[in-house]
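Step one of this worksheet: look at the structure below.
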Amino acid sequence: MIARLWRGATAAERGNEYHRYLRETGLKEYRSTPGNRGGYVLRRTREGRAEFLLVTFWDSWEAIRRFAGDDVEKAVYYAKDRELLLSLEPTVDHYEVLEGP
């Protein structure tokens, strides 16, 4: 199994709005992609920012390609991300999952 980690931040007062937007876009698309095993949405608020960390789990690199395209390291963004996020990180990180709960 492979973990895919994406990070983003929005203004603290827009944290709930961005979480709702994630549900409508990325999370919905993750869940509908064959080979996705779910994931976690983590948020912390500090220094006026709501910082998000999405950790999703995938059966294989092929499953990740079904979601992200051929360049699996490239972050996937949606229409309102430019409006809501403070910056757009160009890449994501992947880790091989060795153990879990």
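In the structure tokens, each chain is lettered A, B, ... as it comes, each chain's residues begin at 1, and ligands are numbered from 1 in order of appearance.
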ask   = What lies within 12 Å of Val55 in chain A using only C-alpha atoms, ignoring chain neighbours under 5 positions off, as a PyMOL selection string?
value = chain A and resi 2-8+26-27+30+36-43+92-95+97
message = For the strand (DSSP E) assignment from backbone DSSP, which residues of range 14-68 of chain A qualify? Please present them as a list in words.
response = Asn36, Arg37, Gly38, Gly39, Tyr40, Val41, Leu42, Arg43, Arg44, Thr45, Arg46, Arg49, Ala50, Glu51, Phe52, Leu53, Leu54, Val55, Thr56, Phe57 and Trp58 of chain A
Could you please take those selected residues and save C-alpha atoms as a tab-separated table (two decimals), in the first residue's frame?
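Contents of the output file result_2.tsv:
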```
chain	number	residue	atom	x	y	z
A	36	ASN	CA	-8.24	4.16	-3.14
A	37	ARG	CA	-8.41	2.81	0.41
A	38	GLY	CA	-9.57	6.01	2.10
A	39	GLY	CA	-7.58	8.46	4.12
A	40	TYR	CA	-7.41	11.18	6.73
A	41	VAL	CA	-7.91	14.93	6.61
A	42	LEU	CA	-5.84	16.65	9.29
A	43	ARG	CA	-6.06	20.34	10.18
A	44	ARG	CA	-4.26	22.62	12.58
A	45	THR	CA	-4.82	26.33	13.03
A	46	ARG	CA	-1.95	28.57	14.00
A	49	ARG	CA	-3.61	29.92	8.99
A	50	ALA	CA	-5.59	26.71	8.73
A	51	GLU	CA	-3.06	24.11	7.60
A	52	PHE	CA	-4.31	20.90	6.03
A	53	LEU	CA	-2.58	17.57	5.59
A	54	LEU	CA	-4.36	14.94	3.50
A	55	VAL	CA	-3.07	11.40	3.86
A	56	THR	CA	-4.69	9.01	1.40
A	57	PHE	CA	-3.99	5.32	0.92
A	58	TRP	CA	-3.74	3.51	-2.39
```
key: In range 22-78 of chain A, DSSP helix (DSSP H, G or I) residues written as a list in words   = Leu22, Arg23, Glu24, Gly26, Leu27, Lys28, Glu29, Tyr30, Arg31, Ser32, Trp61, Glu62, Ala63, Ile64, Arg65, Arg66, Phe67 and Ala68 of chain A
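Every protein, DNA or RNA residue with an atom at most 8 Å from Ser60 in chain A, where only C-alpha atoms count and chain neighbours fewer than 2 positions away do not, is listed here: A:Met1, A:Ile2, A:Gly35, A:Trp58, A:Glu62, A:Ala63, A:Ile64.
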key: For Thr25 in chain A, the nearest of the candidates A:Asp70, A:Glu47, A:Glu96, A:Asp81, counting only C-alpha atoms   = A:Asp81
message = Taking only C-alpha atoms into account, name the residue in A:Gly48, A:Tyr21, A:Asn16, A:Ala9 that is nearest to Tyr78 in chain A.
response = A:Tyr21
request  = Find the spatial neighbours of range 66-69 of chain A, counting only C-alpha atoms, within a cut-off of 8 Å - ignore same-chain residues fewer than 5 positions away - and output them as a list in words.
outcome  =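 In the requested format, the answer is Glu29, Tyr30, Thr33, Pro34, Lys74, Ala75 and Val76 of chain A.
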message = When you count only C-alpha atoms, which of these residues is closest to Tyr18 in chain A: A:Glu83, A:Pro101, A:Thr91, A:Arg65?
response =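 Closest candidate: A:Glu83.
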ask   = Quick one, how far is CA of Lys28 in chain A from CA of Ala79 in chain A?
value = 14.5 Å
